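S.K.: File work_3.cif follows (mmCIF, C-alpha atoms):
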data_run
loop_
_atom_site.label_atom_id
_atom_site.label_comp_id
_atom_site.auth_asym_id
_atom_site.auth_seq_id
_atom_site.Cartn_x
_atom_site.Cartn_y
_atom_site.Cartn_z
CA MET A 1 0.00 0.00 0.00
CA ASN A 2 1.09 3.57 -0.64
CA ASN A 3 1.69 6.19 2.02
CA LEU A 4 -1.00 8.77 2.66
CA LYS A 5 0.29 12.34 2.59
CA ILE A 6 -1.69 15.12 4.28
CA GLY A 7 0.42 18.22 3.87
CA ASP A 8 3.52 17.59 5.98
CA LEU A 9 1.98 14.55 7.67
CA VAL A 10 2.67 11.10 6.24
CA ALA A 11 0.79 7.98 7.31
CA LYS A 12 2.55 4.74 6.38
CA LEU A 13 -0.78 3.20 5.42
CA PRO A 14 -3.69 4.88 3.57
CA ILE A 15 -6.10 3.66 6.24
CA ILE A 16 -8.04 5.90 8.60
CA GLN A 17 -9.94 4.31 11.46
CA GLY A 18 -13.33 6.01 11.54
CA GLY A 19 -14.42 7.80 14.69
CA MET A 20 -17.13 5.91 16.61
CA GLY A 21 -19.03 7.27 19.59
CA ILE A 22 -20.06 6.93 22.26
CA GLY A 23 -16.81 5.50 23.56
CA VAL A 24 -16.29 2.90 20.85
CA SER A 25 -13.13 4.57 19.55
CA LEU A 26 -11.13 6.24 22.26
CA SER A 27 -7.39 6.35 22.93
CA GLY A 28 -7.04 2.55 23.09
CA LEU A 29 -8.20 1.83 19.56
CA ALA A 30 -6.87 5.04 18.06
CA SER A 31 -3.33 4.50 19.37
CA ALA A 32 -3.31 0.85 18.25
CA VAL A 33 -4.22 1.85 14.69
CA ALA A 34 -1.65 4.66 14.71
CA ASN A 35 1.02 2.21 15.86
CA GLU A 36 0.32 0.07 12.79
CA GLY A 37 0.88 3.02 10.48
CA GLY A 38 -2.71 4.13 9.94
CA ILE A 39 -4.52 7.15 11.36
CA GLY A 40 -6.26 6.44 14.65
CA VAL A 41 -9.32 8.50 15.50
CA ILE A 42 -10.90 9.32 18.85
CA SER A 43 -14.61 10.17 18.83
CA CYS A 44 -15.50 13.06 21.12
CA ALA A 45 -19.24 12.25 21.07
CA GLY A 46 -20.48 11.48 24.57
CA LEU A 47 -17.23 12.08 26.43
CA GLY A 48 -19.20 14.14 28.93
CA LEU A 49 -21.03 10.97 29.94
CA ILE A 50 -17.96 8.74 30.06
CA TYR A 51 -16.10 11.34 32.13
CA ARG A 52 -19.07 12.64 34.10
CA ASN A 53 -17.17 12.19 37.38
CA SER A 54 -14.47 14.60 36.16
CA ALA A 55 -16.76 17.65 36.27
CA LYS A 56 -20.23 18.52 37.45
CA GLU A 57 -21.50 19.79 34.11
CA PHE A 58 -21.75 17.62 30.99
CA LEU A 59 -20.01 20.15 28.74
CA ASP A 60 -17.14 20.67 31.22
CA ALA A 61 -16.73 16.90 31.53
CA SER A 62 -16.59 16.68 27.73
CA ILE A 63 -13.66 19.08 27.62
CA GLU A 64 -11.85 17.29 30.42
CA GLY A 65 -12.47 13.91 28.82
CA MET A 66 -11.20 15.13 25.46
CA LYS A 67 -7.94 16.31 27.00
CA ILE A 68 -7.48 13.04 28.87
CA GLU A 69 -8.11 10.84 25.82
CA ILE A 70 -5.79 12.85 23.56
CA ARG A 71 -2.99 12.74 26.12
CA LYS A 72 -3.48 9.00 26.75
CA ALA A 73 -3.29 8.33 23.01
CA LYS A 74 -0.11 10.37 22.66
CA GLU A 75 1.50 8.42 25.50
CA LYS A 76 0.82 5.16 23.64
CA THR A 77 1.93 6.13 20.14
CA ASN A 78 4.11 8.39 18.05
CA GLY A 79 1.75 7.79 15.12
CA ILE A 80 -0.97 10.03 13.74
CA ILE A 81 -3.98 10.71 15.98
CA GLY A 82 -7.18 12.41 14.88
CA VAL A 83 -10.44 13.37 16.56
CA ASN A 84 -13.91 13.11 15.05
CA ILE A 85 -16.29 15.95 15.97
CA MET A 86 -19.95 15.90 14.94
CA MET A 87 -21.35 19.21 13.72
CA ALA A 88 -24.56 18.42 15.61
CA LEU A 89 -22.81 18.74 18.98
CA THR A 90 -23.67 21.85 20.98
CA ASN A 91 -20.03 22.02 22.09
CA PHE A 92 -18.52 21.62 18.62
CA GLY A 93 -16.49 24.82 18.98
CA ASP A 94 -15.12 23.89 22.39
CA MET A 95 -14.08 20.46 21.13
CA ALA A 96 -12.31 21.99 18.13
CA LYS A 97 -10.46 24.44 20.37
CA VAL A 98 -9.33 21.67 22.73
CA CYS A 99 -8.07 19.53 19.83
CA ILE A 100 -6.07 22.42 18.40
CA ALA A 101 -4.64 23.37 21.81
CA GLU A 102 -3.65 19.74 22.46
CA LYS A 103 -1.94 19.56 19.04
CA VAL A 104 -4.10 16.77 17.65
CA ASP A 105 -2.85 15.84 14.19
CA VAL A 106 -6.23 15.90 12.42
CA ILE A 107 -9.80 17.03 13.09
CA PHE A 108 -12.46 15.11 11.14
CA ALA A 109 -15.77 16.99 11.14
CA GLY A 110 -19.03 15.51 9.89
CA ALA A 111 -22.75 14.97 10.58
CA GLY A 112 -23.35 18.28 8.81
CA LEU A 113 -21.11 20.55 6.76
CA PRO A 114 -18.41 22.17 8.96
CA MET A 115 -18.53 25.55 7.22
CA ASP A 116 -16.71 27.44 9.98
CA LEU A 117 -14.16 24.87 11.19
CA PRO A 118 -11.10 26.93 10.07
CA LYS A 119 -12.14 29.86 12.27
CA TYR A 120 -10.93 27.93 15.32
CA ARG A 121 -7.37 27.78 14.01
CA THR A 122 -4.78 29.67 16.06
CA PRO A 123 -1.56 31.28 14.75
CA ASP A 124 0.46 28.25 15.87
CA CYS A 125 -2.12 25.66 14.78
CA THR A 126 -0.65 22.47 13.34
CA THR A 127 -3.90 20.49 13.27
CA LYS A 128 -5.15 19.43 9.84
CA MET A 129 -8.77 20.26 8.99
CA VAL A 130 -10.74 17.47 7.29
CA PRO A 131 -14.45 17.69 6.47
CA ILE A 132 -16.62 14.64 5.86
CA VAL A 133 -18.97 15.08 2.89
CA SER A 134 -21.41 12.93 0.94
CA SER A 135 -21.35 14.57 -2.50
CA ALA A 136 -19.23 16.51 -4.98
CA ARG A 137 -21.59 19.46 -4.57
CA ALA A 138 -20.95 19.56 -0.81
CA ALA A 139 -17.20 19.35 -1.40
CA LYS A 140 -17.32 22.28 -3.82
CA ILE A 141 -19.46 24.46 -1.57
CA LEU A 142 -17.20 23.80 1.38
CA CYS A 143 -13.96 24.45 -0.50
CA GLU A 144 -15.32 27.74 -1.84
CA LYS A 145 -16.57 28.89 1.56
CA TRP A 146 -13.37 28.01 3.37
CA LYS A 147 -11.22 29.73 0.77
CA ASN A 148 -13.38 32.86 0.60
CA LEU A 149 -13.92 33.25 4.34
CA TYR A 150 -10.67 31.93 5.81
CA ASP A 151 -8.22 31.69 2.88
CA TYR A 152 -7.91 28.00 3.76
CA LEU A 153 -8.63 24.79 1.89
CA PRO A 154 -9.31 21.37 3.43
CA ASP A 155 -6.15 19.40 4.09
CA MET A 156 -8.05 16.29 3.03
CA ILE A 157 -11.68 15.37 2.30
CA VAL A 158 -13.47 12.21 3.43
CA VAL A 159 -16.35 11.09 1.23
CA GLU A 160 -18.76 8.92 3.19
CA GLY A 161 -21.08 6.73 1.15
CA PRO A 162 -24.47 5.28 2.12
CA LYS A 163 -23.07 1.91 3.29
CA ALA A 164 -21.41 3.50 6.33
CA GLY A 165 -22.48 2.90 9.88
CA GLY A 166 -23.88 5.60 12.12
CA HIS A 167 -25.28 8.82 10.75
CA LEU A 168 -25.64 9.08 6.98
CA GLY A 169 -25.73 12.24 4.89
CA PHE A 170 -28.39 10.85 2.59
CA LYS A 171 -32.15 10.75 2.33
CA ILE A 172 -33.79 7.39 3.01
CA ASP A 173 -34.54 6.79 -0.68
CA GLN A 174 -30.92 7.50 -1.66
CA ILE A 175 -29.30 4.91 0.60
CA ASN A 176 -29.87 1.94 -1.72
CA ASN A 177 -29.80 3.98 -4.93
CA PRO A 178 -26.74 3.05 -7.06
CA ASP A 179 -26.45 6.68 -8.17
CA PHE A 180 -25.21 7.48 -4.65
CA ALA A 181 -22.85 4.52 -4.24
CA ILE A 182 -19.33 5.33 -3.03
CA GLU A 183 -17.94 3.98 -6.32
CA LYS A 184 -19.86 6.72 -8.13
CA LEU A 185 -19.21 9.47 -5.58
CA ILE A 186 -15.42 9.14 -5.46
CA PRO A 187 -14.68 10.00 -9.14
CA GLU A 188 -17.13 12.93 -8.91
CA VAL A 189 -15.49 14.38 -5.79
CA VAL A 190 -11.97 13.76 -7.12
CA LYS A 191 -12.85 15.70 -10.28
CA THR A 192 -14.34 18.59 -8.28
CA VAL A 193 -11.43 18.77 -5.85
CA ALA A 194 -8.91 18.67 -8.71
CA GLU A 195 -10.12 22.11 -9.82
CA PHE A 196 -9.14 23.58 -6.44
CA GLU A 197 -5.86 21.65 -6.36
CA GLU A 198 -4.85 23.07 -9.72
CA LYS A 199 -6.05 26.60 -9.04
CA TYR A 200 -4.34 26.92 -5.66
CA ASN A 201 -1.45 24.48 -6.16
CA GLN A 202 -2.39 22.38 -3.13
CA GLU A 203 -2.91 18.65 -2.82
CA ILE A 204 -6.23 17.64 -1.24
CA PRO A 205 -6.37 13.86 -0.87
CA VAL A 206 -9.85 12.36 -1.24
CA ILE A 207 -10.67 9.48 1.10
CA ALA A 208 -13.42 6.89 0.58
CA ALA A 209 -15.58 5.70 3.47
CA GLY A 210 -18.57 3.41 3.89
CA GLY A 211 -18.82 -0.28 3.00
CA ILE A 212 -15.08 -0.83 2.53
CA TYR A 213 -14.24 -4.12 4.22
CA THR A 214 -11.34 -5.98 2.58
CA GLY A 215 -7.91 -5.25 1.16
CA GLU A 216 -9.38 -5.83 -2.27
CA ASP A 217 -12.04 -3.20 -1.54
CA ILE A 218 -9.27 -0.75 -0.66
CA TYR A 219 -7.45 -1.47 -3.91
CA ASN A 220 -10.60 -1.16 -6.02
CA ILE A 221 -11.72 2.17 -4.58
CA MET A 222 -8.21 3.61 -4.88
CA GLN A 223 -8.28 2.72 -8.58
CA LEU A 224 -11.19 5.18 -8.83
CA GLY A 225 -9.08 8.05 -7.49
CA ALA A 226 -9.27 7.76 -3.71
CA LYS A 227 -5.92 8.28 -1.97
CA GLY A 228 -7.00 6.19 1.00
CA VAL A 229 -9.94 4.78 2.93
CA GLN A 230 -11.72 5.32 6.20
CA MET A 231 -12.89 2.13 7.94
CA ALA A 232 -14.84 1.96 11.18
CA THR A 233 -16.92 -1.23 11.32
CA ARG A 234 -13.91 -3.49 10.80
CA PHE A 235 -12.15 -2.06 13.84
CA VAL A 236 -15.05 -2.75 16.22
CA THR A 237 -14.26 -6.45 16.49
CA THR A 238 -10.67 -5.91 17.63
CA HIS A 239 -9.27 -6.48 21.09
CA GLU A 240 -8.16 -2.85 21.25
CA CYS A 241 -11.60 -1.40 20.46
CA ASP A 242 -12.67 0.57 23.55
CA ALA A 243 -16.22 -0.82 23.71
CA ASP A 244 -17.32 -3.68 25.96
CA ASP A 245 -16.93 -7.22 24.60
CA LYS A 246 -20.74 -7.60 24.58
CA PHE A 247 -20.88 -4.72 22.11
CA LYS A 248 -18.36 -6.50 19.88
CA GLN A 249 -20.22 -9.77 20.25
CA ALA A 250 -23.36 -8.14 18.87
CA TYR A 251 -21.47 -7.65 15.61
CA ILE A 252 -20.22 -11.23 15.56
CA GLU A 253 -23.70 -12.64 16.16
CA ALA A 254 -25.41 -10.33 13.65
CA LYS A 255 -26.92 -11.55 10.40
CA GLU A 256 -27.34 -9.40 7.32
CA GLU A 257 -31.04 -8.95 8.02
CA ASP A 258 -30.22 -7.55 11.47
CA LEU A 259 -29.02 -4.27 9.95
CA GLU A 260 -31.65 -1.56 9.71
CA ILE A 261 -31.94 2.11 8.84
CA ILE A 262 -33.27 4.19 11.72
CA GLN A 263 -34.17 7.85 12.07
CA SER A 264 -31.77 9.21 14.68
CA PRO A 265 -32.55 12.01 17.17
CA VAL A 266 -29.58 13.76 15.53
CA GLY A 267 -31.98 14.39 12.64
CA MET A 268 -30.30 12.07 10.14
CA PRO A 269 -30.90 8.48 9.09
CA GLY A 270 -28.45 5.98 10.51
CA ARG A 271 -27.55 2.32 10.10
CA ALA A 272 -27.71 0.21 13.25
CA LEU A 273 -28.06 -3.35 14.51
CA LYS A 274 -31.57 -4.47 15.40
CA GLY A 275 -32.19 -5.43 19.02
CA GLU A 276 -34.53 -5.34 21.98
CA PHE A 277 -34.08 -1.61 22.55
CA LEU A 278 -34.92 -0.56 18.98
CA ASP A 279 -37.89 -2.95 19.02
CA LYS A 280 -39.25 -1.06 22.03
CA ILE A 281 -38.64 2.26 20.31
CA ASN A 282 -40.52 1.08 17.23
CA GLU A 283 -43.41 0.07 19.48
CA GLY A 284 -43.42 3.50 21.15
CA LEU A 285 -42.50 2.11 24.56
CA ALA A 286 -39.68 4.54 25.41
CA LYS A 287 -39.52 8.31 25.63
CA PRO A 288 -37.17 10.70 27.46
CA LYS A 289 -38.79 12.73 30.24
CA THR A 290 -36.02 15.31 30.63
CA CYS A 291 -32.78 16.32 28.92
CA PRO A 292 -29.93 16.80 31.41
CA PHE A 293 -27.18 17.01 28.79
CA HIS A 294 -28.25 19.33 25.92
CA CYS A 295 -25.53 17.69 23.84
CA LEU A 296 -27.12 18.10 20.38
CA HIS A 297 -28.36 21.18 18.51
CA THR A 298 -30.75 19.01 16.58
CA CYS A 299 -32.42 17.09 19.43
CA ASP A 300 -35.67 18.16 21.14
CA PHE A 301 -36.38 15.73 23.98
CA THR A 302 -40.12 16.52 23.82
CA LYS A 303 -40.25 15.18 20.27
CA VAL A 304 -37.67 12.38 20.03
CA PRO A 305 -38.51 8.82 21.11
CA TYR A 306 -35.33 8.26 23.14
CA CYS A 307 -32.06 9.80 24.32
CA ILE A 308 -29.42 8.76 21.83
CA SER A 309 -26.55 9.57 24.19
CA VAL A 310 -27.82 7.30 26.97
CA SER A 311 -28.72 4.48 24.58
CA LEU A 312 -25.30 4.50 22.89
CA LEU A 313 -23.57 4.75 26.27
CA ASN A 314 -25.49 1.69 27.47
CA ALA A 315 -24.44 -0.32 24.42
CA TYR A 316 -20.80 0.79 24.70
CA GLY A 317 -20.77 -0.41 28.30
CA GLY A 318 -22.19 -3.81 27.37
CA ASN A 319 -25.83 -3.20 28.31
CA VAL A 320 -26.99 -3.87 24.75
CA ASP A 321 -30.61 -4.52 25.76
CA LYS A 322 -30.91 -0.87 26.82
CA GLY A 323 -29.16 0.59 23.81
CA TYR A 324 -27.98 -0.22 20.31
CA ALA A 325 -24.89 -0.35 18.15
CA PHE A 326 -24.40 1.65 14.99
CA ALA A 327 -22.83 -0.50 12.28
CA GLY A 328 -21.77 -0.41 8.64
CA SER A 329 -23.46 -2.53 5.98
CA ASN A 330 -20.82 -5.28 6.31
CA ALA A 331 -20.97 -5.69 10.10
CA PHE A 332 -22.54 -9.15 9.76
CA ARG A 333 -19.33 -10.42 8.13
CA ALA A 334 -17.38 -10.33 11.40
CA THR A 335 -16.71 -13.79 12.81
CA LYS A 336 -14.18 -13.27 15.60
CA ILE A 337 -12.30 -10.71 17.64
CA VAL A 338 -8.74 -10.12 16.43
CA SER A 339 -5.93 -7.68 17.20
CA VAL A 340 -5.54 -4.48 15.24
CA LYS A 341 -2.23 -5.83 13.95
CA GLU A 342 -3.89 -9.01 12.68
CA LEU A 343 -6.58 -6.97 10.95
CA VAL A 344 -4.10 -4.60 9.31
CA ASP A 345 -1.96 -7.52 8.15
CA GLU A 346 -5.05 -9.13 6.61
CA LEU A 347 -5.95 -5.90 4.80
CA LYS A 348 -2.40 -5.51 3.47
CA GLU A 349 -2.35 -9.10 2.26
CA GLY A 350 -5.71 -8.70 0.52
CA TYR A 351 -4.51 -5.49 -1.12
CA ASP A 352 -1.32 -7.15 -2.36
CA ILE A 353 -3.29 -10.09 -3.80
CA ALA A 354 -5.55 -7.64 -5.66
CA VAL A 355 -2.52 -5.84 -7.08
CA ALA A 356 -0.92 -9.12 -8.19
CA SER A 357 -4.17 -10.25 -9.78
CA LYS A 358 -4.47 -6.96 -11.68
CA ASN A 359 -0.91 -7.23 -12.97
CA LYS A 360 -1.22 -10.79 -14.30
#
Take the structure in the file and give it back as structure tokens.

M.R.:
Amino acid sequence: MNNLKIGDLVAKLPIIQGGMGIGVSLSGLASAVANEGGIGVISCAGLGLIYRNSAKEFLDASIEGMKIEIRKAKEKTNGIIGVNIMMALTNFGDMAKVCIAEKVDVIFAGAGLPMDLPKYRTPDCTTKMVPIVSSARAAKILCEKWKNLYDYLPDMIVVEGPKAGGHLGFKIDQINNPDFAIEKLIPEVVKTVAEFEEKYNQEIPVIAAGGIYTGEDIYNIMQLGAKGVQMATRFVTTHECDADDKFKQAYIEAKEEDLEIIQSPVGMPGRALKGEFLDKINEGLAKPKTCPFHCLHTCDFTKVPYCISVSLLNAYGGNVDKGYAFAGSNAFRATKIVSVKELVDELKEGYDIAVASKNK
């Protein structure tokens, strides 16, 4: 596999581990991936719950938890560490500021277009700014806005297709529409981004995400112009994944028909594993009575059927009957828990076989 260059940063492998909240990808998983040459990513979603004993207020605990996880990751690796921040978070700005102050290598921002992310940069900022988009149109709009408002272009762009786990930037009827498949999106975004690369003499690697599972998948999507891939689902069933083993076991026991599209309180559709909790939600048997966290701009507890933060926290901690797991379209293919090293070696081997097959 080729290196992945992001400005002056160089990852030995073109593999980014996708950010997964609440608590599924923290410093443990992120540092393990970074140590194998990829880019490890901490999710900041829900840190205020995981670190609620660190501060009285949810938002203060989020900041404290973010600092702790970044520092723990840096103690475990000299590799590249990123943080995923959802635009829907009420404390998006605070999380961005903490990441920049703590010298995180990369900020990945999604679940909405991060139009003002560069405004948080400081004069000594070394953190790369990477938006997550779902179309060439979104990539163009964002590049134009960033350049016009901040004289800054994305250091890299992640294109997330409809086969991803978690929140999806697509309408329900687009998710299974081949016109929105990642194989179609990547060439479109690469072409759009090339105009900005040429005009401003700056490389902007385009990364493919969603439904990429094997080394052969990595090879095939890179043949379409992607400079690398972002993978989340595959890293769940690793020993180093920060979630409880019961969470990982839900993936291993899942069948293809256990994956469903839900409407998340974040205001976006999402792909998740079916289970007792979602069955109750579908039957109207659960509803939040208060909102002690105010963690999402887009969530009104009087209208949503459940608290997404509490349900994801329950699943992360192993209480899967009182929560659920987000998952990519290939989650059912997991059969056992392996180390991050074993997984990366498998992906490299699959990639090399695909290259050899192509060159026959």

S.K.: With only C-alpha atoms as the atoms that count, which of A:Thr192, A:Thr126, A:Ser309, A:Asn3 lies nearest to Leu47 of chain A?

M.R.: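 Going through A:Thr192, A:Thr126, A:Ser309, A:Asn3 one by one, the smallest distance to Leu47 of chain A is for A:Ser309.
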
S.K.: Counting all atoms listed in the file, what is within 12 Å of Val33 of chain A, bar same-chain residues fewer than 2 positions away, as a ChimeraX atom specification?

M.R.: /A:11-19,25-31,35-42,73,76-82,230-232,234-236,238-241,339-345

S.K.: Counting only C-alpha atoms, which residue out of A:Leu273, A:Ile308, A:Leu142, A:Leu347 sits closest to Gly328 of chain A?

M.R.: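 So, comparing all the options, the nearest one is A:Leu273.
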
S.K.: Rank nothing, just name the residue among A:Met222, A:Ala45, A:Leu312, A:Ala254 nearest to Lys336 of chain A, using all atoms listed in the file.

M.R.: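 With all atoms listed in the file as the atom set, the closest residue is A:Ala254.
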
S.K.: Determine, counting all atoms listed in the file, which protein, DNA and RNA residues have an atom within 10 Å of an atom of segment 109-114 of chain A; residues of the same chain fewer than 2 positions away are not included. Present the result as a compact mmCIF listing (two decimals) with C-alpha atoms, in the coordinates of the input.

M.R.:
# COMPACT_ATOMS: atom_id res chain seq x y z
CA GLY A 19 -14.42 7.80 14.69
CA VAL A 83 -10.44 13.37 16.56
CA ASN A 84 -13.91 13.11 15.05
CA ILE A 85 -16.29 15.95 15.97
CA MET A 86 -19.95 15.90 14.94
CA MET A 87 -21.35 19.21 13.72
CA ALA A 88 -24.56 18.42 15.61
CA LEU A 89 -22.81 18.74 18.98
CA PHE A 92 -18.52 21.62 18.62
CA ALA A 96 -12.31 21.99 18.13
CA VAL A 106 -6.23 15.90 12.42
CA ILE A 107 -9.80 17.03 13.09
CA ASP A 116 -16.71 27.44 9.98
CA LEU A 117 -14.16 24.87 11.19
CA PRO A 118 -11.10 26.93 10.07
CA MET A 129 -8.77 20.26 8.99
CA VAL A 130 -10.74 17.47 7.29
CA PRO A 131 -14.45 17.69 6.47
CA ILE A 132 -16.62 14.64 5.86
CA VAL A 133 -18.97 15.08 2.89
CA SER A 134 -21.41 12.93 0.94
CA ALA A 138 -20.95 19.56 -0.81
CA ALA A 139 -17.20 19.35 -1.40
CA ILE A 141 -19.46 24.46 -1.57
CA LEU A 142 -17.20 23.80 1.38
CA TRP A 146 -13.37 28.01 3.37
CA ILE A 157 -11.68 15.37 2.30
CA VAL A 158 -13.47 12.21 3.43
CA GLU A 160 -18.76 8.92 3.19
CA GLY A 166 -23.88 5.60 12.12
CA HIS A 167 -25.28 8.82 10.75
CA LEU A 168 -25.64 9.08 6.98
CA GLY A 169 -25.73 12.24 4.89
CA VAL A 266 -29.58 13.76 15.53
CA GLY A 267 -31.98 14.39 12.64
CA MET A 268 -30.30 12.07 10.14

S.K.: If the PyMOL selection byres ((chain A and resi 58) around 6) is run on the structure shown, which residues does it catch, given as a list in words?

M.R.: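 Output of the PyMOL selection byres ((chain A and resi 58) around 6): Gly48, Glu57, Leu59, Asp60, Ala61 and Phe293 of chain A.
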